[in-house]
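J.: Below is the file my_file_3.txt, with compact mmCIF, C-alpha atoms.
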```txt
# COMPACT_ATOMS: atom_id res chain seq x y z
CA MET A 1 0.00 0.00 0.00
CA THR A 2 1.38 3.40 -1.00
CA VAL A 3 2.02 5.81 1.87
CA PHE A 4 1.85 9.43 0.80
CA PRO A 5 3.90 12.14 2.53
CA ALA A 6 2.04 14.10 5.20
CA GLN A 7 4.15 17.19 4.55
CA SER A 8 5.99 18.47 1.51
CA ASP A 9 9.73 18.94 1.70
CA ALA A 10 11.21 22.35 0.88
CA ALA A 11 12.31 21.32 -2.60
CA SER A 12 8.80 20.15 -3.47
CA LEU A 13 7.26 23.43 -2.35
CA GLY A 14 9.69 25.34 -4.54
CA LEU A 15 9.00 23.15 -7.54
CA LEU A 16 5.25 23.39 -7.05
CA GLU A 17 5.44 27.17 -7.01
CA ARG A 18 7.44 27.17 -10.22
CA ALA A 19 5.07 24.71 -11.90
CA GLU A 20 1.91 26.59 -10.99
CA ASN A 21 3.46 29.73 -12.47
CA GLY A 22 4.11 28.01 -15.78
CA THR A 23 7.64 26.63 -15.55
CA TRP A 24 8.29 23.42 -17.44
CA LEU A 25 9.43 20.73 -15.02
CA THR A 26 12.03 18.15 -15.98
CA PHE A 27 11.25 14.48 -15.50
CA GLU A 28 13.36 14.42 -12.33
CA GLU A 29 11.57 17.48 -10.95
CA GLY A 30 8.17 16.03 -11.81
CA LEU A 31 9.06 12.79 -10.11
CA HIS A 32 10.23 14.68 -7.04
CA ILE A 33 6.90 16.42 -6.48
CA TYR A 34 4.98 13.27 -7.36
CA LYS A 35 6.79 11.32 -4.67
CA ARG A 36 7.50 13.92 -2.01
CA ALA A 37 4.79 16.58 -2.15
CA ALA A 38 1.83 16.19 0.19
CA SER A 39 -1.44 15.55 -1.61
CA ALA A 40 -2.95 18.79 -0.30
CA ASP A 41 -0.04 20.81 -1.66
CA LEU A 42 -0.12 19.05 -5.04
CA ARG A 43 -3.82 19.67 -5.37
CA ALA A 44 -3.56 23.30 -4.26
CA ALA A 45 -0.79 24.08 -6.74
CA ALA A 46 -2.71 22.39 -9.56
CA GLY A 47 -5.82 24.31 -8.52
CA ARG A 48 -4.02 27.63 -8.78
CA ARG A 49 -2.71 26.59 -12.19
CA MET A 50 -6.28 25.72 -13.22
CA ALA A 51 -7.64 29.04 -12.02
CA GLY A 52 -4.97 30.87 -13.99
CA LEU A 53 -5.69 28.96 -17.17
CA TRP A 54 -9.43 28.36 -17.08
CA GLY A 55 -10.81 30.55 -14.29
CA GLY A 56 -12.33 29.72 -10.93
CA LYS A 57 -15.88 29.22 -9.72
CA GLY A 58 -18.51 30.59 -12.05
CA GLN A 59 -16.29 30.16 -15.10
CA PRO A 60 -16.90 27.59 -17.86
CA ARG A 61 -16.12 23.90 -17.61
CA THR A 62 -16.98 22.10 -20.81
CA TYR A 63 -18.34 18.76 -21.90
CA MET A 64 -18.39 17.03 -25.27
CA MET A 65 -21.19 14.74 -26.30
CA TYR A 66 -20.22 11.71 -28.33
CA HIS A 67 -21.71 8.36 -29.13
CA LEU A 68 -19.51 5.35 -28.53
CA LEU A 69 -20.16 3.15 -31.54
CA ASN A 70 -18.65 -0.29 -31.03
CA TYR A 71 -18.66 -2.16 -34.31
CA SER A 72 -17.82 -5.50 -32.65
CA ASN A 73 -17.12 -6.96 -29.22
CA VAL A 74 -15.14 -9.88 -30.62
CA CYS A 75 -11.50 -9.69 -29.59
CA GLY A 76 -8.66 -12.15 -29.45
CA GLU A 77 -6.42 -10.29 -27.00
CA ASN A 78 -8.13 -11.24 -23.71
CA CYS A 79 -6.62 -8.30 -21.82
CA SER A 80 -6.68 -9.05 -18.13
CA PHE A 81 -8.54 -5.84 -17.25
CA CYS A 82 -11.31 -6.04 -19.87
CA ASN A 83 -14.94 -6.96 -19.20
CA TYR A 84 -16.01 -6.14 -22.73
CA TRP A 85 -14.58 -8.66 -25.16
CA ALA A 86 -16.17 -11.92 -26.34
CA PRO A 87 -14.60 -14.87 -28.16
CA ALA A 88 -15.54 -15.38 -31.80
CA GLY A 89 -18.54 -17.67 -32.15
CA GLY A 90 -19.54 -17.21 -28.52
CA ALA A 91 -23.14 -16.69 -27.45
CA LYS A 92 -22.44 -13.05 -26.54
CA ALA A 93 -20.37 -12.19 -29.63
CA TRP A 94 -21.62 -9.69 -32.18
CA THR A 95 -20.31 -7.74 -35.15
CA HIS A 96 -22.38 -4.92 -36.65
CA ASN A 97 -22.60 -3.38 -40.08
CA PHE A 98 -23.81 0.14 -40.80
CA GLU A 99 -27.45 -0.82 -41.29
CA ASP A 100 -27.48 -2.49 -37.86
CA VAL A 101 -26.56 0.76 -36.12
CA ARG A 102 -28.23 3.24 -38.45
CA PRO A 103 -31.41 3.64 -36.32
CA VAL A 104 -29.34 4.40 -33.21
CA LEU A 105 -27.19 6.90 -35.09
CA GLU A 106 -30.29 8.61 -36.49
CA ALA A 107 -31.76 8.89 -32.98
CA TYR A 108 -28.45 10.30 -31.75
CA TRP A 109 -28.39 12.81 -34.63
CA ASN A 110 -31.94 13.91 -33.81
CA TYR A 111 -30.90 14.31 -30.17
CA GLY A 112 -28.29 16.80 -31.33
CA GLY A 113 -25.21 14.59 -31.31
CA ARG A 114 -22.56 15.34 -33.89
CA VAL A 115 -19.53 13.32 -32.71
CA VAL A 116 -19.10 9.54 -32.92
CA LEU A 117 -16.33 7.39 -31.48
CA PHE A 118 -15.87 4.34 -33.73
CA GLN A 119 -13.93 1.47 -32.20
CA GLY A 120 -14.04 -2.22 -31.31
CA GLY A 121 -11.98 -5.23 -30.40
CA ASN A 122 -9.21 -6.87 -32.40
CA ASN A 123 -11.52 -9.14 -34.33
CA TYR A 124 -9.71 -11.95 -36.14
CA GLU A 125 -12.95 -13.04 -37.83
CA ILE A 126 -13.31 -9.95 -40.04
CA GLY A 127 -11.82 -11.09 -43.31
CA SER A 128 -11.12 -7.84 -45.14
CA PHE A 129 -9.90 -4.40 -44.15
CA SER A 130 -12.58 -2.96 -46.44
CA TYR A 131 -15.15 -3.83 -43.71
CA TYR A 132 -13.88 -0.82 -41.73
CA THR A 133 -13.55 1.62 -44.62
CA ASP A 134 -16.96 0.63 -46.00
CA PHE A 135 -18.51 1.17 -42.56
CA LEU A 136 -16.93 4.60 -42.22
CA ASP A 137 -17.88 5.58 -45.76
CA ALA A 138 -21.51 4.58 -45.16
CA MET A 139 -21.61 6.79 -42.07
CA ARG A 140 -20.14 9.67 -44.03
CA GLN A 141 -22.67 9.29 -46.84
CA ARG A 142 -25.63 9.25 -44.45
CA PHE A 143 -24.28 11.78 -41.91
CA PRO A 144 -21.87 14.05 -43.79
CA ASP A 145 -21.70 16.56 -40.92
CA MET A 146 -20.89 13.95 -38.26
CA LEU A 147 -17.33 14.00 -36.94
CA VAL A 148 -16.11 10.43 -36.57
CA PHE A 149 -13.01 9.68 -34.54
CA GLY A 150 -11.70 6.33 -33.41
CA CYS A 151 -9.66 3.48 -34.88
CA SER A 152 -7.07 3.54 -32.11
CA PRO A 153 -3.37 2.67 -32.55
CA THR A 154 -4.20 -0.72 -31.03
CA GLU A 155 -6.62 -1.48 -33.86
CA ILE A 156 -4.39 0.00 -36.55
CA HIS A 157 -1.42 -2.08 -35.35
CA PHE A 158 -3.61 -5.19 -35.40
CA TRP A 159 -4.95 -4.46 -38.90
CA SER A 160 -1.46 -3.89 -40.22
CA GLY A 161 -0.41 -7.37 -39.07
CA LYS A 162 -3.60 -9.17 -40.06
CA TYR A 163 -4.09 -7.64 -43.50
CA GLY A 164 -0.44 -7.08 -44.38
CA LEU A 165 -0.87 -3.34 -44.90
CA PRO A 166 1.63 -0.65 -43.86
CA VAL A 167 0.41 1.73 -41.17
CA PRO A 168 0.60 4.85 -43.40
CA LYS A 169 -1.65 3.19 -45.99
CA ILE A 170 -4.17 2.11 -43.34
CA ILE A 171 -4.39 5.62 -41.93
CA ALA A 172 -4.68 7.14 -45.40
CA GLU A 173 -7.55 4.81 -46.31
CA LEU A 174 -9.35 5.43 -43.02
CA LYS A 175 -9.03 9.17 -43.55
CA ALA A 176 -10.29 8.89 -47.12
CA ALA A 177 -13.30 6.95 -45.84
CA GLY A 178 -14.23 9.70 -43.39
CA LEU A 179 -12.18 9.26 -40.22
CA ARG A 180 -11.34 12.70 -38.80
CA ALA A 181 -9.25 11.89 -35.72
CA ILE A 182 -7.68 8.99 -33.82
CA ALA A 183 -8.89 7.64 -30.48
CA GLY A 184 -6.44 7.27 -27.60
CA ALA A 185 -7.51 3.75 -26.63
CA GLY A 186 -4.87 1.14 -25.98
CA GLY A 187 -2.40 3.52 -24.37
CA GLU A 188 -3.01 1.94 -20.95
CA ILE A 189 0.36 2.60 -19.30
CA ALA A 190 3.68 3.07 -21.06
CA HIS A 191 5.86 0.84 -18.87
CA GLN A 192 6.33 -2.24 -21.04
CA PRO A 193 6.87 -4.84 -18.28
CA ILE A 194 3.42 -3.93 -16.94
CA ARG A 195 1.92 -4.14 -20.41
CA ASP A 196 3.46 -7.59 -20.80
CA LEU A 197 1.62 -8.74 -17.67
CA MET A 198 -1.73 -7.41 -18.89
CA PHE A 199 -1.56 -8.64 -22.49
CA LYS A 200 0.90 -10.39 -24.78
CA ASN A 201 0.04 -9.38 -28.34
CA LYS A 202 -1.19 -5.83 -27.97
CA VAL A 203 0.78 -2.94 -29.47
CA ARG A 204 3.91 -1.84 -27.60
CA PHE A 205 3.73 1.71 -26.34
CA GLY A 206 6.57 2.90 -28.55
CA ASP A 207 4.66 1.64 -31.57
CA TRP A 208 1.47 3.23 -30.21
CA LEU A 209 3.28 6.59 -30.17
CA ASP A 210 4.71 6.05 -33.66
CA ILE A 211 1.25 5.32 -35.07
CA MET A 212 -0.03 8.50 -33.47
CA ASP A 213 2.86 10.41 -35.06
CA GLU A 214 1.93 9.03 -38.47
CA ALA A 215 -1.69 10.08 -37.93
CA ALA A 216 -0.42 13.57 -37.07
CA ALA A 217 1.66 13.62 -40.25
CA GLN A 218 -1.51 12.88 -42.21
CA GLY A 219 -3.43 15.69 -40.52
CA LEU A 220 -5.45 13.74 -37.96
CA SER A 221 -5.56 14.91 -34.34
CA ALA A 222 -6.11 12.63 -31.38
CA SER A 223 -6.76 12.16 -27.71
CA ALA A 224 -4.37 10.44 -25.31
CA SER A 225 -5.34 8.14 -22.49
CA MET A 226 -3.86 6.34 -19.52
CA MET A 227 -5.10 3.53 -17.29
CA PHE A 228 -3.28 3.33 -13.96
CA GLY A 229 -3.50 1.25 -10.83
CA THR A 230 -3.04 -2.25 -12.25
CA TYR A 231 0.40 -3.61 -11.38
CA ASP A 232 1.72 -0.11 -10.78
CA GLY A 233 1.14 0.54 -7.11
CA LEU A 234 0.26 -3.08 -6.46
CA ASP A 235 3.36 -5.07 -7.44
CA ASP A 236 6.58 -4.26 -5.56
CA ARG A 237 8.57 -4.71 -8.78
CA PHE A 238 7.17 -1.42 -10.08
CA ASP A 239 7.57 2.12 -8.79
CA ALA A 240 4.06 3.50 -9.29
CA GLU A 241 4.98 7.17 -9.54
CA TYR A 242 7.88 6.49 -11.90
CA CYS A 243 5.73 4.36 -14.23
CA ARG A 244 2.90 6.88 -14.32
CA LEU A 245 5.12 9.91 -14.87
CA GLU A 246 7.00 8.00 -17.57
CA HIS A 247 3.70 7.77 -19.45
CA LEU A 248 3.03 11.51 -19.08
CA HIS A 249 6.58 12.37 -20.08
CA LEU A 250 6.54 10.33 -23.28
CA LEU A 251 3.25 11.93 -24.28
CA ARG A 252 4.59 15.39 -23.54
CA GLU A 253 7.69 14.77 -25.66
CA ARG A 254 5.69 13.63 -28.68
CA GLN A 255 3.20 16.47 -28.28
CA ALA A 256 6.08 18.95 -28.42
CA ARG A 257 6.93 17.58 -31.88
CA THR A 258 3.44 17.20 -33.35
CA ALA A 259 0.88 19.32 -31.39
CA HIS A 260 -1.28 16.30 -32.19
CA TYR A 261 -3.25 15.61 -29.01
CA ARG A 262 -6.39 17.57 -28.21
CA ALA A 263 -6.96 16.05 -24.76
CA PHE A 264 -5.57 13.77 -22.07
CA VAL A 265 -7.71 11.53 -19.88
CA ALA A 266 -6.68 9.07 -17.19
CA TRP A 267 -8.79 6.58 -15.32
CA PRO A 268 -8.08 4.21 -12.45
CA TYR A 269 -8.34 0.50 -13.10
CA GLN A 270 -11.72 -0.85 -12.04
CA PRO A 271 -11.69 -4.32 -10.41
CA ASN A 272 -13.02 -6.90 -12.83
CA LYS A 273 -14.00 -10.30 -11.41
CA GLY A 274 -11.00 -10.24 -9.11
CA ARG A 275 -8.48 -9.87 -11.92
CA ILE A 276 -5.28 -8.02 -10.97
CA ARG A 277 -6.70 -6.40 -7.82
CA ARG A 278 -9.86 -6.81 -5.80
CA LYS A 279 -10.29 -3.28 -4.45
CA PRO A 280 -10.53 -0.04 -6.41
CA VAL A 281 -7.55 2.26 -6.66
CA PRO A 282 -7.70 4.75 -3.74
CA HIS A 283 -9.13 8.03 -4.94
CA GLU A 284 -6.14 9.93 -3.55
CA GLU A 285 -4.05 8.32 -6.27
CA TYR A 286 -6.36 9.81 -8.91
CA VAL A 287 -6.10 13.23 -7.28
CA ARG A 288 -2.30 13.05 -7.19
CA LEU A 289 -1.98 11.83 -10.77
CA MET A 290 -4.32 14.44 -12.24
CA SER A 291 -2.71 17.21 -10.19
CA VAL A 292 0.70 16.21 -11.54
CA ALA A 293 -0.77 15.99 -15.05
CA ARG A 294 -2.14 19.53 -14.78
CA LEU A 295 1.28 20.83 -13.75
CA TYR A 296 3.37 18.62 -16.07
CA LEU A 297 1.39 18.37 -19.32
CA ARG A 298 1.66 22.04 -20.19
CA ASN A 299 1.27 21.40 -23.91
CA PHE A 300 -2.07 19.54 -23.71
CA PRO A 301 -5.00 21.89 -24.35
CA ASN A 302 -7.59 19.83 -22.45
CA LEU A 303 -7.52 17.53 -19.45
CA GLN A 304 -10.63 15.42 -19.40
CA SER A 305 -12.27 13.62 -16.52
CA SER A 306 -12.66 9.93 -15.84
CA TYR A 307 -16.38 10.51 -15.64
CA LEU A 308 -17.48 6.92 -15.06
CA SER A 309 -14.89 6.23 -12.37
CA LEU A 310 -15.79 9.10 -10.05
CA THR A 311 -18.62 9.95 -7.71
CA ARG A 312 -20.45 13.19 -8.29
CA GLU A 313 -18.48 14.83 -5.48
CA GLN A 314 -15.12 13.55 -6.75
CA PHE A 315 -15.97 14.71 -10.25
CA GLY A 316 -16.93 18.17 -9.02
CA ALA A 317 -13.70 18.51 -7.07
CA SER A 318 -11.65 17.49 -10.12
CA LEU A 319 -12.93 20.60 -11.93
CA ASP A 320 -11.11 22.67 -9.30
CA TYR A 321 -7.63 21.18 -9.61
CA ALA A 322 -7.26 19.46 -12.99
CA VAL A 323 -10.18 18.98 -15.33
CA ASN A 324 -11.46 21.64 -17.73
CA CYS A 325 -13.60 19.24 -19.77
CA ALA A 326 -15.95 16.61 -18.43
CA GLY A 327 -16.14 14.68 -21.65
CA GLY A 328 -19.40 12.80 -21.96
CA ILE A 329 -20.98 9.72 -23.45
CA LEU A 330 -24.54 9.35 -24.66
CA TYR A 331 -24.56 5.58 -24.77
CA THR A 332 -22.05 2.79 -24.31
CA PRO A 333 -22.40 -0.95 -23.81
CA GLU A 334 -20.53 -2.16 -20.72
CA LEU A 335 -17.12 -0.99 -21.89
CA VAL A 336 -16.37 0.62 -18.55
CA THR A 337 -17.09 -1.35 -15.40
CA GLY A 338 -17.18 -0.30 -11.79
CA ALA A 339 -18.91 3.04 -12.37
CA VAL A 340 -19.66 4.57 -9.00
CA GLY A 341 -21.63 7.68 -9.87
CA ALA A 342 -23.21 7.19 -13.28
CA ASN A 343 -25.03 4.54 -15.25
CA PRO A 344 -22.96 3.98 -18.41
CA ASN A 345 -26.13 3.10 -20.33
CA ASP A 346 -28.04 6.20 -19.23
CA LEU A 347 -25.72 9.16 -19.56
CA SER A 348 -27.37 12.32 -20.74
CA ARG A 349 -26.48 15.89 -21.47
CA ALA A 350 -28.69 16.92 -18.56
CA GLN A 351 -26.72 14.81 -16.08
CA ILE A 352 -23.37 16.24 -17.14
CA ILE A 353 -24.76 19.77 -16.96
CA GLU A 354 -26.13 19.09 -13.50
CA TRP A 355 -22.82 17.74 -12.20
CA ILE A 356 -20.82 20.70 -13.55
CA ALA A 357 -23.30 23.27 -12.25
CA ALA A 358 -23.42 21.60 -8.81
CA ALA A 359 -19.64 22.07 -8.59
CA GLY A 360 -20.05 25.81 -9.07
CA TYR A 361 -19.04 26.14 -12.72
CA ARG A 362 -20.85 27.18 -15.89
CA PRO A 363 -21.54 24.18 -18.13
CA GLU A 364 -20.68 24.76 -21.78
CA GLU A 365 -20.77 22.24 -24.61
CA ARG A 366 -17.74 22.17 -26.88
CA ASP A 367 -17.05 20.57 -30.21
CA TYR A 368 -14.30 18.00 -30.78
CA TYR A 369 -11.66 20.70 -31.18
CA GLY A 370 -12.64 22.57 -28.02
CA ARG A 371 -14.68 25.46 -29.41
CA LEU A 372 -17.80 26.42 -27.47
CA LEU A 373 -21.08 25.81 -29.27
CA VAL A 374 -23.52 28.68 -29.74
CA ASP A 375 -26.59 26.53 -29.15
CA PRO A 376 -25.77 23.11 -27.70
CA TYR A 377 -29.37 21.93 -27.95
CA THR A 378 -30.58 22.84 -31.41
CA GLY A 379 -27.70 24.17 -33.45
CA ARG A 380 -23.98 24.36 -34.04
CA THR A 381 -21.56 27.11 -34.84
CA PRO A 382 -20.70 27.33 -38.55
CA LEU A 383 -17.25 25.92 -37.80
CA SER A 384 -18.38 23.20 -35.44
CA ASN A 385 -16.15 20.13 -35.68
CA LEU A 386 -14.23 21.47 -38.66
CA SER A 387 -10.47 20.99 -38.50
CA LEU A 388 -8.68 23.55 -36.39
CA PRO A 389 -5.53 25.14 -37.87
CA LYS A 390 -2.77 25.22 -35.29
CA GLU A 391 -2.15 28.91 -35.82
CA THR A 392 -5.73 29.74 -34.75
CA ALA A 393 -5.77 27.66 -31.57
CA ALA A 394 -6.07 30.73 -29.36
CA ALA A 395 -9.27 31.73 -31.13
CA TRP A 396 -11.36 28.99 -29.54
CA GLY A 397 -10.60 29.96 -25.99
CA ALA A 398 -7.57 27.88 -25.08
CA PRO A 399 -4.85 29.63 -23.11
CA LYS A 400 -2.36 31.34 -25.41
CA GLU A 401 0.44 28.94 -24.52
CA TYR A 402 -1.44 26.20 -26.38
CA ALA A 403 -1.48 28.12 -29.66
CA VAL A 404 1.35 26.04 -31.05
```
How does this structure look as structure tokens?
T.:
Amino acid sequence: MTVFPAQSDAASLGLLERAENGTWLTFEEGLHIYKRAASADLRAAAGRRMAGLWGGKGQPRTYMMYHLLNYSNVCGENCSFCNYWAPAGGAKAWTHNFEDVRPVLEAYWNYGGRVVLFQGGNNYEIGSFSYYTDFLDAMRQRFPDMLVFGCSPTEIHFWSGKYGLPVPKIIAELKAAGLRAIAGAGGEIAHQPIRDLMFKNKVRFGDWLDIMDEAAAQGLSASASMMFGTYDGLDDRFDAEYCRLEHLHLLRERQARTAHYRAFVAWPYQPNKGRIRRKPVPHEEYVRLMSVARLYLRNFPNLQSSYLSLTREQFGASLDYAVNCAGGILYTPELVTGAVGANPNDLSRAQIIEWIAAAGYRPEERDYYGRLLVDPYTGRTPLSNLSLPKETAAAWGAPKEYAV
């Protein structure tokens, strides 16, 4: 069990002051505050950083509505943390085509949704890569104004091996079929020995980053994710803070080269049938990680919440010290387990608005690129979900330092 310091040492206090005022911390400095700063001091410094960037109580905190469209739950990886996958041919296995999901997408469109996350398992039963491009193209033909992101590096790596296609070609064909951005799924945690314990065939983190770089080169932006609290913090072979900061550091380095990532989101591992660990990750570990992320990931425009892993009170507090965007999901089938404050099959715009307002902030809906929407219920701004040139990043309300 991790024991956090009750008081910060002098060096930590100095580093926290520098970080909250905008100084870039080195890896060693970041690790120092992560290990030696008291949780209250970490959170307070991150909170002051948040207030400087996004304002305090009464100021906006955003959410983004998107529909999680899973094309299939068949997956051959059997990741030890997943409660979603099904074996091919099993009673619970399914694989959709566009016509299967069209009624749901039309209902979502009528509800006002304009963003779709398209992803699924590594399905060895799908015989041709054209299944994915045909699916995307059908969505584009029926919903030309829908922004579709997804097709994570995990899936792209799998498709490259299964269909014998180079990654650049896969990304080019996905983009031509209508994909607008890449999902951050499969990042999990960077430390490869931990990844090796959770899964054997899944993409290595270095390859995950390289695929993201290729997507950036082809003009697609992305989100970045992290799942913590599996073997990090549980297995004495691994230094939890080192492994978690390593993940943040590698993302920060690539972002400095590409300005590719629109958002970062981290969530604690949720116990799944006793696999890996039986009790949830202590919430203090989430607070510490997200506080460090707010101070360390200076070149990420949005930090997004782990909405399904937090209580209403924990979520509200996260808007003070780390999170400027709540994210949001209209519907998802059992992809996330262990939700403590929300029903993953009954998330609504109203619930997200209520949670943000209850925390003392002004709820505002944003598009994929972070711009506030004029009318989140019945209309969109003329530029809603259109690609955002890097040189105009400041125009949509992000702090000037993100206009890279």
J.: Would you please work out which residue, of A:Val148, A:Leu197, A:Ile211, A:Leu373, is nearest to A:His67 when using all atoms listed in the file?
T.: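 Ranking A:Val148, A:Leu197, A:Ile211, A:Leu373 by distance to A:His67, first place goes to A:Val148.
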J.: When you look at A:Lys200 with a cut-off of 8 Å (counting all atoms listed in the file), what residues show up, excluding the ones that are within fewer than 4 positions of it in the same chain? I need them as a PDB file with C-alpha atoms, in the coordinates of the input.
T.:
```
ATOM      1  CA  GLU A  77      -6.420 -10.290 -27.000  1.00  0.00           C
ATOM      2  CA  ARG A 195       1.920  -4.140 -20.410  1.00  0.00           C
ATOM      3  CA  ASP A 196       3.460  -7.590 -20.800  1.00  0.00           C
TER       4      ASP A 196
END
```
J.: If we draw a sphere of 12 Å around (-15.7, 9.3, -8.5), which residues have at least one atom in it when counting all atoms listed in the file? Please report them as JSON, numbers by chain.
T.: {"A": [267, 268, 270, 280, 281, 282, 283, 284, 285, 286, 287, 305, 306, 307, 308, 309, 310, 311, 312, 313, 314, 315, 316, 317, 318, 338, 339, 340, 341, 342, 355]}
J.: One decimal, in Å: what's the spacing between atom CA of A:Tyr231 and atom CA of A:Cys75?
T.: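 Pair atom CA of A:Tyr231 / atom CA of A:Cys75 returns 22.6 Å.
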J.: Around (-7.8, -5.1, -33.5) in the file's frame, which residues reach within 7 Å when counting all atoms listed in the file? Return as a list in words?
T.: Gly121, Asn122, Asn123, Thr154, Glu155, Ile156, Phe158 and Trp159 of chain A
J.: Hey, which of A:Leu13, A:Ala190, A:Leu165, A:Met198 ends up closest to A:Ser128? Count all atoms listed in the file.
T.: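 Among the listed residues, A:Leu165 lies closest to A:Ser128.
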J.: Report, in Å to a single decimal, how far apart atom CA of A:Gly327 and atom CA of A:Ala359 are.
T.: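 That distance, rounded to one decimal, is 15.4 Å.
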J.: For each of A:Asp207, A:Asp320, A:Glu99, A:Glu125, take the minimum atom-to-atom distance to A:Asn73, counting only C-alpha atoms, then give the residue where this is smallest.
T.: A:Glu125
J.: So that I can see what lies close to A:Ala37, please list as an mmCIF file with C-alpha atoms, keeping the file's coordinate frame the residues with an atom at most 10 Å from it, counting all atoms listed in the file and leaving out residues fewer than 4 positions away in the same chain.
T.:
```cif
data_model
loop_
_atom_site.group_PDB
_atom_site.id
_atom_site.type_symbol
_atom_site.label_atom_id
_atom_site.label_comp_id
_atom_site.auth_asym_id
_atom_site.auth_seq_id
_atom_site.Cartn_x
_atom_site.Cartn_y
_atom_site.Cartn_z
ATOM 1 C CA PHE A 4 1.850 9.430 0.800
ATOM 2 C CA PRO A 5 3.900 12.140 2.530
ATOM 3 C CA ALA A 6 2.040 14.100 5.200
ATOM 4 C CA GLN A 7 4.150 17.190 4.550
ATOM 5 C CA SER A 8 5.990 18.470 1.510
ATOM 6 C CA ASP A 9 9.730 18.940 1.700
ATOM 7 C CA ALA A 10 11.210 22.350 0.880
ATOM 8 C CA ALA A 11 12.310 21.320 -2.600
ATOM 9 C CA SER A 12 8.800 20.150 -3.470
ATOM 10 C CA LEU A 13 7.260 23.430 -2.350
ATOM 11 C CA LEU A 15 9.000 23.150 -7.540
ATOM 12 C CA LEU A 16 5.250 23.390 -7.050
ATOM 13 C CA LEU A 31 9.060 12.790 -10.110
ATOM 14 C CA HIS A 32 10.230 14.680 -7.040
ATOM 15 C CA ILE A 33 6.900 16.420 -6.480
ATOM 16 C CA ASP A 41 -0.040 20.810 -1.660
ATOM 17 C CA LEU A 42 -0.120 19.050 -5.040
ATOM 18 C CA ARG A 43 -3.820 19.670 -5.370
ATOM 19 C CA ARG A 288 -2.300 13.050 -7.190
#
```
J.: As an exercise, work out the distance from atom CA of A:Leu68 to atom CA of A:Asn97 in Å and give it to one decimal place.
T.: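 Computing the Euclidean distance for atom CA of A:Leu68 and atom CA of A:Asn97 yields 14.8 Å.
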J.: Considering all atoms listed in the file, can you say which of A:Pro363, A:Phe264, A:Met146, A:Glu106 comes closest to A:Phe118?
T.: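 Smallest separation from A:Phe118 among the options: A:Met146.
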J.: Name the closest residue to A:Arg48 among the candidates A:Arg114, A:Leu105, A:Arg142, A:Arg294; distances are taken between atoms, counting only C-alpha atoms.
T.: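 Closest residue, counting only C-alpha atoms: A:Arg294.
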J.: Which is closest to A:Met226 among A:Gly186, A:Gly360, A:Gly22, A:Gly52, if we use only C-alpha atoms?
T.: A:Gly186
J.: Would you pick out the contacts of A:Arg254 at 12 Å or less, using all atoms listed in the file, so that residues sharing its chain but fewer than 4 positions from it are not included, and give the list as a PyMOL selection string?
T.: chain A and resi 206+208-214+216+224+247-250+258-261+297+299-300
J.: Would you write out those residues with C-alpha atoms, as a PDB file, keeping the file's coordinate frame?
T.:
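Result file part_6.pdb:
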```pdb
ATOM      1  CA  GLY A 206       6.570   2.900 -28.550  1.00  0.00           C
ATOM      2  CA  TRP A 208       1.470   3.230 -30.210  1.00  0.00           C
ATOM      3  CA  LEU A 209       3.280   6.590 -30.170  1.00  0.00           C
ATOM      4  CA  ASP A 210       4.710   6.050 -33.660  1.00  0.00           C
ATOM      5  CA  ILE A 211       1.250   5.320 -35.070  1.00  0.00           C
ATOM      6  CA  MET A 212      -0.030   8.500 -33.470  1.00  0.00           C
ATOM      7  CA  ASP A 213       2.860  10.410 -35.060  1.00  0.00           C
ATOM      8  CA  GLU A 214       1.930   9.030 -38.470  1.00  0.00           C
ATOM      9  CA  ALA A 216      -0.420  13.570 -37.070  1.00  0.00           C
ATOM     10  CA  ALA A 224      -4.370  10.440 -25.310  1.00  0.00           C
ATOM     11  CA  HIS A 247       3.700   7.770 -19.450  1.00  0.00           C
ATOM     12  CA  LEU A 248       3.030  11.510 -19.080  1.00  0.00           C
ATOM     13  CA  HIS A 249       6.580  12.370 -20.080  1.00  0.00           C
ATOM     14  CA  LEU A 250       6.540  10.330 -23.280  1.00  0.00           C
ATOM     15  CA  THR A 258       3.440  17.200 -33.350  1.00  0.00           C
ATOM     16  CA  ALA A 259       0.880  19.320 -31.390  1.00  0.00           C
ATOM     17  CA  HIS A 260      -1.280  16.300 -32.190  1.00  0.00           C
ATOM     18  CA  TYR A 261      -3.250  15.610 -29.010  1.00  0.00           C
ATOM     19  CA  LEU A 297       1.390  18.370 -19.320  1.00  0.00           C
ATOM     20  CA  ASN A 299       1.270  21.400 -23.910  1.00  0.00           C
ATOM     21  CA  PHE A 300      -2.070  19.540 -23.710  1.00  0.00           C
TER      22      PHE A 300
END
```
J.: Using all atoms listed in the file, find each residue in stretch 147-199 of chain A having at least one atom no more than 12 Å away from stretch 57-66 of chain A; report its shortest atom-to-atom pair and that distance in Å (one decimal), rows by chain then rising number, as CSV.
T.:
```
residue,atom,partner,partner_atom,distance
A:Leu147,CA,A:Tyr66,CA,9.4
A:Val148,CA,A:Tyr66,CA,9.3
A:Phe149,CA,A:Tyr66,CA,9.7
A:Gly150,CA,A:Tyr66,CA,11.3
```
J.: Give, as lines of an AutoDock Vina configuration file, the centre coordinates and the x, y and z edge lengths in Å to one decimal for an axis-aligned box around all listed atoms of stretch 21-26 of chain A, padded by 8 Å on each side.
T.:
```
center_x = 7.7
center_y = 23.9
center_z = -15.0
size_x = 24.6
size_y = 27.6
size_z = 21.0
```
